[in-house]
Structure formats: C-alpha cells, structure tokens
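*Asks:* My questions all concern the structure below.
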Amino acid sequence: MSDATTQIYFTDTKAKAVFSSEGPKPQFLIDTSQFKALVVGLEAGGQIPAHPGEAAMYHFLQGAGLMTVGDEAFEIKPGVTIVVPSGVKRGMNAKTRVVFLGSKGEK
C-alpha cells in the first residue's frame, strides 16, 4: 500500500485513539486548512467543557456518556452521530471510555 493510500484508508480507527488522564489528545487523520478529521479517546469520567465552534460532526465508535448541544443532552453510544451547527456550544461527559470520530470544515 502506498503512503497516499495509508493516509486515506484506516483499517482500525479505534486503535488510533490516545487516552490520557490529562484530557483528550486528538489524533488527526487529516488536518488541512479546509478540512479536519480526527479520532479522540476520552477516559471514563473525562469531559470536554462546553464551547462554541465551527460546524462539526461527531460519530461515536465506543463507550457511553452524554453530549450537550446548546441546552439539550444526547446519549453517547456506539453508532450515534451528532452534527452541531456553527456557533452552537457543545460539550461531552464520558461515563465509560469513549472513542469518537470528529470532522469539521473550514471556518
């Protein structure tokens, strides 16, 4: 497989997640000025404080918890996808270890 192919084809995305007691350590699958895709591991009890940002997509591969979008809370579980509009606050609380894919376009 060429280097170009290995940058677009991921056979075990969950294995790329890094877990740290210091908080999330996003691992970028692609990081350009136009588009970012990443995999994130969050320890049980970990959180991402509510913050506004660009439009983004979160797709959960593993774990359980809650994600807040605006004033609503949504259950995190494998297979769930949450799309957050630009400027809307979002945050996350992990009940168990969580792994998710995230993506966002340019600002």
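Chain lettering (A, B, ...) mirrors the order of the structure tokens, residue numbering begins at 1 for each chain separately, and ligand numbering begins at 1 in order of display.
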Taking 6 positions as the minimum chain separation for residues in the same chain, which residues sit within 8 Å of range 94-105 of chain A when counting only C-alpha atoms? Answer as a list in words.
*Replies:*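 Within the cut-off, the hits are Lys14, Ala17, Gln34, Phe35, Lys36, Ala37, Leu38, Val39, Val40, Gly41, Leu42, Glu43, Ala44, Gly45, Gly46, Gln47, Glu54, Ala55, Ala56, Met57, Tyr58, His59, Phe60, Leu61, Gln62, Gly63, Ala64, Gly65 and Leu66 of chain A.
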*Asks:* Keeping only N, CA and C atoms, write the selected residues to a file as a PDB file, in the first residue's frame.
*Replies:*
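Output saved as part-v3.pdb:
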ATOM      1  N   LYS A  14     -10.315   2.872  15.766  1.00  0.00           N
ATOM      2  CA  LYS A  14     -10.375   2.932  17.231  1.00  0.00           C
ATOM      3  C   LYS A  14      -8.991   2.794  17.861  1.00  0.00           C
ATOM      4  N   ALA A  17      -6.927   5.921  18.815  1.00  0.00           N
ATOM      5  CA  ALA A  17      -7.305   6.785  19.941  1.00  0.00           C
ATOM      6  C   ALA A  17      -6.234   6.740  21.028  1.00  0.00           C
ATOM      7  N   GLN A  34      -8.758  23.388   4.974  1.00  0.00           N
ATOM      8  CA  GLN A  34     -10.139  23.244   4.508  1.00  0.00           C
ATOM      9  C   GLN A  34     -10.942  22.182   5.269  1.00  0.00           C
ATOM     10  N   PHE A  35     -10.232  21.162   5.810  1.00  0.00           N
ATOM     11  CA  PHE A  35     -10.956  20.043   6.412  1.00  0.00           C
ATOM     12  C   PHE A  35     -10.099  19.344   7.456  1.00  0.00           C
ATOM     13  N   LYS A  36     -10.738  18.967   8.556  1.00  0.00           N
ATOM     14  CA  LYS A  36     -10.067  18.228   9.619  1.00  0.00           C
ATOM     15  C   LYS A  36     -10.907  17.002   9.967  1.00  0.00           C
ATOM     16  N   ALA A  37     -10.232  15.860  10.115  1.00  0.00           N
ATOM     17  CA  ALA A  37     -10.871  14.633  10.587  1.00  0.00           C
ATOM     18  C   ALA A  37      -9.954  14.051  11.655  1.00  0.00           C
ATOM     19  N   LEU A  38     -10.530  13.632  12.773  1.00  0.00           N
ATOM     20  CA  LEU A  38      -9.714  13.158  13.878  1.00  0.00           C
ATOM     21  C   LEU A  38     -10.425  12.065  14.646  1.00  0.00           C
ATOM     22  N   VAL A  39      -9.634  11.317  15.403  1.00  0.00           N
ATOM     23  CA  VAL A  39     -10.171  10.316  16.314  1.00  0.00           C
ATOM     24  C   VAL A  39      -9.741  10.733  17.719  1.00  0.00           C
ATOM     25  N   VAL A  40     -10.682  10.623  18.660  1.00  0.00           N
ATOM     26  CA  VAL A  40     -10.432  11.086  20.023  1.00  0.00           C
ATOM     27  C   VAL A  40     -10.819  10.001  21.016  1.00  0.00           C
ATOM     28  N   GLY A  41      -9.960   9.794  22.003  1.00  0.00           N
ATOM     29  CA  GLY A  41     -10.269   8.917  23.123  1.00  0.00           C
ATOM     30  C   GLY A  41     -10.478   9.758  24.365  1.00  0.00           C
ATOM     31  N   LEU A  42     -11.496   9.433  25.127  1.00  0.00           N
ATOM     32  CA  LEU A  42     -11.805  10.163  26.354  1.00  0.00           C
ATOM     33  C   LEU A  42     -11.976   9.134  27.469  1.00  0.00           C
ATOM     34  N   GLU A  43     -11.203   9.272  28.542  1.00  0.00           N
ATOM     35  CA  GLU A  43     -11.269   8.345  29.663  1.00  0.00           C
ATOM     36  C   GLU A  43     -12.626   8.417  30.367  1.00  0.00           C
ATOM     37  N   ALA A  44     -13.008   7.335  31.032  1.00  0.00           N
ATOM     38  CA  ALA A  44     -14.212   7.331  31.854  1.00  0.00           C
ATOM     39  C   ALA A  44     -14.115   8.467  32.863  1.00  0.00           C
ATOM     40  N   GLY A  45     -15.170   9.247  32.981  1.00  0.00           N
ATOM     41  CA  GLY A  45     -15.178  10.392  33.878  1.00  0.00           C
ATOM     42  C   GLY A  45     -14.597  11.650  33.251  1.00  0.00           C
ATOM     43  N   GLY A  46     -14.013  11.509  32.080  1.00  0.00           N
ATOM     44  CA  GLY A  46     -13.436  12.662  31.399  1.00  0.00           C
ATOM     45  C   GLY A  46     -14.506  13.538  30.779  1.00  0.00           C
ATOM     46  N   GLN A  47     -14.119  14.754  30.470  1.00  0.00           N
ATOM     47  CA  GLN A  47     -15.082  15.649  29.845  1.00  0.00           C
ATOM     48  C   GLN A  47     -14.409  16.640  28.905  1.00  0.00           C
ATOM     49  N   GLU A  54     -16.894  25.792  15.096  1.00  0.00           N
ATOM     50  CA  GLU A  54     -17.424  25.661  13.744  1.00  0.00           C
ATOM     51  C   GLU A  54     -18.391  24.478  13.695  1.00  0.00           C
ATOM     52  N   ALA A  55     -19.140  24.376  12.599  1.00  0.00           N
ATOM     53  CA  ALA A  55     -19.987  23.206  12.389  1.00  0.00           C
ATOM     54  C   ALA A  55     -19.095  21.975  12.467  1.00  0.00           C
ATOM     55  N   ALA A  56     -19.583  20.931  13.115  1.00  0.00           N
ATOM     56  CA  ALA A  56     -18.774  19.727  13.300  1.00  0.00           C
ATOM     57  C   ALA A  56     -19.666  18.498  13.373  1.00  0.00           C
ATOM     58  N   MET A  57     -19.049  17.352  13.069  1.00  0.00           N
ATOM     59  CA  MET A  57     -19.729  16.064  13.147  1.00  0.00           C
ATOM     60  C   MET A  57     -18.958  15.190  14.121  1.00  0.00           C
ATOM     61  N   TYR A  58     -19.694  14.470  14.978  1.00  0.00           N
ATOM     62  CA  TYR A  58     -19.131  13.533  15.942  1.00  0.00           C
ATOM     63  C   TYR A  58     -19.793  12.186  15.701  1.00  0.00           C
ATOM     64  N   HIS A  59     -18.994  11.148  15.479  1.00  0.00           N
ATOM     65  CA  HIS A  59     -19.538   9.799  15.293  1.00  0.00           C
ATOM     66  C   HIS A  59     -18.872   8.901  16.334  1.00  0.00           C
ATOM     67  N   PHE A  60     -19.704   8.294  17.191  1.00  0.00           N
ATOM     68  CA  PHE A  60     -19.193   7.529  18.328  1.00  0.00           C
ATOM     69  C   PHE A  60     -18.970   6.064  17.959  1.00  0.00           C
ATOM     70  N   LEU A  61     -17.749   5.597  18.249  1.00  0.00           N
ATOM     71  CA  LEU A  61     -17.344   4.228  17.938  1.00  0.00           C
ATOM     72  C   LEU A  61     -17.412   3.320  19.158  1.00  0.00           C
ATOM     73  N   GLN A  62     -17.255   3.902  20.351  1.00  0.00           N
ATOM     74  CA  GLN A  62     -17.171   3.105  21.573  1.00  0.00           C
ATOM     75  C   GLN A  62     -17.570   3.958  22.762  1.00  0.00           C
ATOM     76  N   GLY A  63     -18.188   3.336  23.755  1.00  0.00           N
ATOM     77  CA  GLY A  63     -18.400   3.986  25.036  1.00  0.00           C
ATOM     78  C   GLY A  63     -19.796   4.516  25.266  1.00  0.00           C
ATOM     79  N   ALA A  64     -19.936   5.142  26.443  1.00  0.00           N
ATOM     80  CA  ALA A  64     -21.226   5.692  26.874  1.00  0.00           C
ATOM     81  C   ALA A  64     -20.985   7.009  27.596  1.00  0.00           C
ATOM     82  N   GLY A  65     -21.961   7.898  27.493  1.00  0.00           N
ATOM     83  CA  GLY A  65     -21.875   9.188  28.162  1.00  0.00           C
ATOM     84  C   GLY A  65     -22.946  10.119  27.650  1.00  0.00           C
ATOM     85  N   LEU A  66     -22.723  11.399  27.838  1.00  0.00           N
ATOM     86  CA  LEU A  66     -23.668  12.416  27.380  1.00  0.00           C
ATOM     87  C   LEU A  66     -22.914  13.495  26.615  1.00  0.00           C
TER      88      LEU A  66
END
*Asks:* Pick out each residue of range 7-91 of chain A that DSSP on the backbone tags as helix (DSSP H, G or I); I need them as number ranges by chain.
*Replies:* A: 13-16
*Asks:* Got time to write the residues from that selection, C-alpha atoms, as a PDB file, in the first residue's frame?
*Replies:*
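Saved the output as part-v1.pdb:
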ATOM      1  CA  THR A  13      -9.562   3.626  13.560  1.00  0.00           C
ATOM      2  CA  LYS A  14     -10.375   2.932  17.231  1.00  0.00           C
ATOM      3  CA  ALA A  15      -6.779   1.771  17.796  1.00  0.00           C
ATOM      4  CA  LYS A  16      -5.552   5.269  16.887  1.00  0.00           C
TER       5      LYS A  16
END
*Asks:* Please identify which residues in chain A DSSP calls strand (DSSP E or B) from the backbone, and express them as a ChimeraX atom specification.
*Replies:* /A:27-31,35-42,47-51,56-62,65-69,72-76,81-84,90-94,98-105
*Asks:* Write the selection just made, keeping N, CA and C atoms, as a short mmCIF file (atom, residue, chain, number, x, y, z; two decimals), in the first residue's frame?
*Replies:*
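Output file selection31.cif follows:
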data_model
loop_
_atom_site.label_atom_id
_atom_site.label_comp_id
_atom_site.auth_asym_id
_atom_site.auth_seq_id
_atom_site.Cartn_x
_atom_site.Cartn_y
_atom_site.Cartn_z
N GLN A 27 -6.12 12.78 17.66
CA GLN A 27 -5.19 12.24 16.68
C GLN A 27 -5.76 12.54 15.30
N PHE A 28 -5.10 13.39 14.54
CA PHE A 28 -5.63 13.81 13.25
C PHE A 28 -5.43 12.74 12.19
N LEU A 29 -6.49 12.43 11.48
CA LEU A 29 -6.42 11.56 10.31
C LEU A 29 -6.06 12.41 9.10
N ILE A 30 -6.59 13.64 9.09
CA ILE A 30 -6.22 14.64 8.10
C ILE A 30 -6.40 16.00 8.77
N ASP A 31 -5.49 16.91 8.50
CA ASP A 31 -5.53 18.24 9.11
C ASP A 31 -5.07 19.25 8.08
N PHE A 35 -10.23 21.16 5.81
CA PHE A 35 -10.96 20.04 6.41
C PHE A 35 -10.10 19.34 7.46
N LYS A 36 -10.74 18.97 8.56
CA LYS A 36 -10.07 18.23 9.62
C LYS A 36 -10.91 17.00 9.97
N ALA A 37 -10.23 15.86 10.12
CA ALA A 37 -10.87 14.63 10.59
C ALA A 37 -9.95 14.05 11.66
N LEU A 38 -10.53 13.63 12.77
CA LEU A 38 -9.71 13.16 13.88
C LEU A 38 -10.42 12.07 14.65
N VAL A 39 -9.63 11.32 15.40
CA VAL A 39 -10.17 10.32 16.31
C VAL A 39 -9.74 10.73 17.72
N VAL A 40 -10.68 10.62 18.66
CA VAL A 40 -10.43 11.09 20.02
C VAL A 40 -10.82 10.00 21.02
N GLY A 41 -9.96 9.79 22.00
CA GLY A 41 -10.27 8.92 23.12
C GLY A 41 -10.48 9.76 24.36
N LEU A 42 -11.50 9.43 25.13
CA LEU A 42 -11.81 10.16 26.35
C LEU A 42 -11.98 9.13 27.47
N GLN A 47 -14.12 14.75 30.47
CA GLN A 47 -15.08 15.65 29.85
C GLN A 47 -14.41 16.64 28.90
N ILE A 48 -15.21 17.15 28.02
CA ILE A 48 -14.82 18.26 27.16
C ILE A 48 -15.78 19.38 27.54
N PRO A 49 -15.28 20.47 28.13
CA PRO A 49 -16.17 21.55 28.56
C PRO A 49 -16.95 22.14 27.39
N ALA A 50 -18.15 22.62 27.68
CA ALA A 50 -18.97 23.24 26.64
C ALA A 50 -18.24 24.43 26.04
N HIS A 51 -18.25 24.49 24.72
CA HIS A 51 -17.56 25.55 23.99
C HIS A 51 -18.21 25.73 22.63
N ALA A 56 -19.58 20.93 13.11
CA ALA A 56 -18.77 19.73 13.30
C ALA A 56 -19.67 18.50 13.37
N MET A 57 -19.05 17.35 13.07
CA MET A 57 -19.73 16.06 13.15
C MET A 57 -18.96 15.19 14.12
N TYR A 58 -19.69 14.47 14.98
CA TYR A 58 -19.13 13.53 15.94
C TYR A 58 -19.79 12.19 15.70
N HIS A 59 -18.99 11.15 15.48
CA HIS A 59 -19.54 9.80 15.29
C HIS A 59 -18.87 8.90 16.33
N PHE A 60 -19.70 8.29 17.19
CA PHE A 60 -19.19 7.53 18.33
C PHE A 60 -18.97 6.06 17.96
N LEU A 61 -17.75 5.60 18.25
CA LEU A 61 -17.34 4.23 17.94
C LEU A 61 -17.41 3.32 19.16
N GLN A 62 -17.26 3.90 20.35
CA GLN A 62 -17.17 3.10 21.57
C GLN A 62 -17.57 3.96 22.76
N GLY A 65 -21.96 7.90 27.49
CA GLY A 65 -21.88 9.19 28.16
C GLY A 65 -22.95 10.12 27.65
N LEU A 66 -22.72 11.40 27.84
CA LEU A 66 -23.67 12.42 27.38
C LEU A 66 -22.91 13.50 26.62
N MET A 67 -23.54 13.98 25.56
CA MET A 67 -23.02 15.14 24.82
C MET A 67 -24.10 16.21 24.87
N THR A 68 -23.70 17.41 25.23
CA THR A 68 -24.64 18.53 25.22
C THR A 68 -24.41 19.34 23.96
N VAL A 69 -25.52 19.74 23.37
CA VAL A 69 -25.51 20.61 22.20
C VAL A 69 -26.52 21.70 22.52
N GLU A 72 -29.53 21.00 25.04
CA GLU A 72 -30.01 19.61 25.02
C GLU A 72 -28.88 18.64 25.30
N ALA A 73 -29.22 17.52 25.96
CA ALA A 73 -28.26 16.45 26.23
C ALA A 73 -28.65 15.24 25.41
N PHE A 74 -27.65 14.59 24.81
CA PHE A 74 -27.87 13.42 23.97
C PHE A 74 -27.01 12.26 24.48
N GLU A 75 -27.58 11.06 24.43
CA GLU A 75 -26.86 9.87 24.87
C GLU A 75 -25.75 9.51 23.87
N ILE A 76 -24.58 9.23 24.40
CA ILE A 76 -23.46 8.74 23.60
C ILE A 76 -23.48 7.22 23.66
N THR A 81 -24.40 9.44 15.72
CA THR A 81 -23.75 10.56 15.06
C THR A 81 -24.47 11.84 15.48
N ILE A 82 -23.70 12.85 15.86
CA ILE A 82 -24.25 14.15 16.24
C ILE A 82 -23.61 15.21 15.36
N VAL A 83 -24.43 16.03 14.73
CA VAL A 83 -23.95 17.12 13.89
C VAL A 83 -24.32 18.43 14.59
N VAL A 84 -23.33 19.28 14.81
CA VAL A 84 -23.53 20.52 15.55
C VAL A 84 -23.33 21.71 14.61
N ARG A 90 -21.04 23.05 22.47
CA ARG A 90 -21.09 21.61 22.59
C ARG A 90 -20.09 21.19 23.66
N GLY A 91 -20.42 20.10 24.37
CA GLY A 91 -19.54 19.57 25.42
C GLY A 91 -19.83 18.09 25.59
N MET A 92 -18.99 17.40 26.34
CA MET A 92 -19.12 15.96 26.45
C MET A 92 -18.69 15.49 27.84
N ASN A 93 -19.41 14.48 28.36
CA ASN A 93 -19.06 13.81 29.61
C ASN A 93 -19.08 12.32 29.35
N ALA A 94 -17.97 11.64 29.64
CA ALA A 94 -17.84 10.21 29.39
C ALA A 94 -18.15 9.41 30.66
N VAL A 98 -14.61 6.50 25.96
CA VAL A 98 -15.32 6.87 24.73
C VAL A 98 -14.29 7.05 23.62
N VAL A 99 -14.63 6.56 22.43
CA VAL A 99 -13.84 6.83 21.23
C VAL A 99 -14.80 7.40 20.20
N PHE A 100 -14.42 8.53 19.59
CA PHE A 100 -15.26 9.10 18.55
C PHE A 100 -14.43 9.67 17.41
N LEU A 101 -15.06 9.72 16.26
CA LEU A 101 -14.51 10.40 15.09
C LEU A 101 -15.12 11.79 15.06
N GLY A 102 -14.33 12.77 14.74
CA GLY A 102 -14.83 14.13 14.60
C GLY A 102 -14.35 14.69 13.27
N SER A 103 -15.16 15.58 12.71
CA SER A 103 -14.74 16.26 11.49
C SER A 103 -15.35 17.65 11.46
N LYS A 104 -14.63 18.55 10.78
CA LYS A 104 -15.17 19.90 10.58
C LYS A 104 -14.51 20.48 9.35
N GLY A 105 -15.24 21.37 8.71
CA GLY A 105 -14.73 22.05 7.52
C GLY A 105 -14.04 23.33 7.88
#
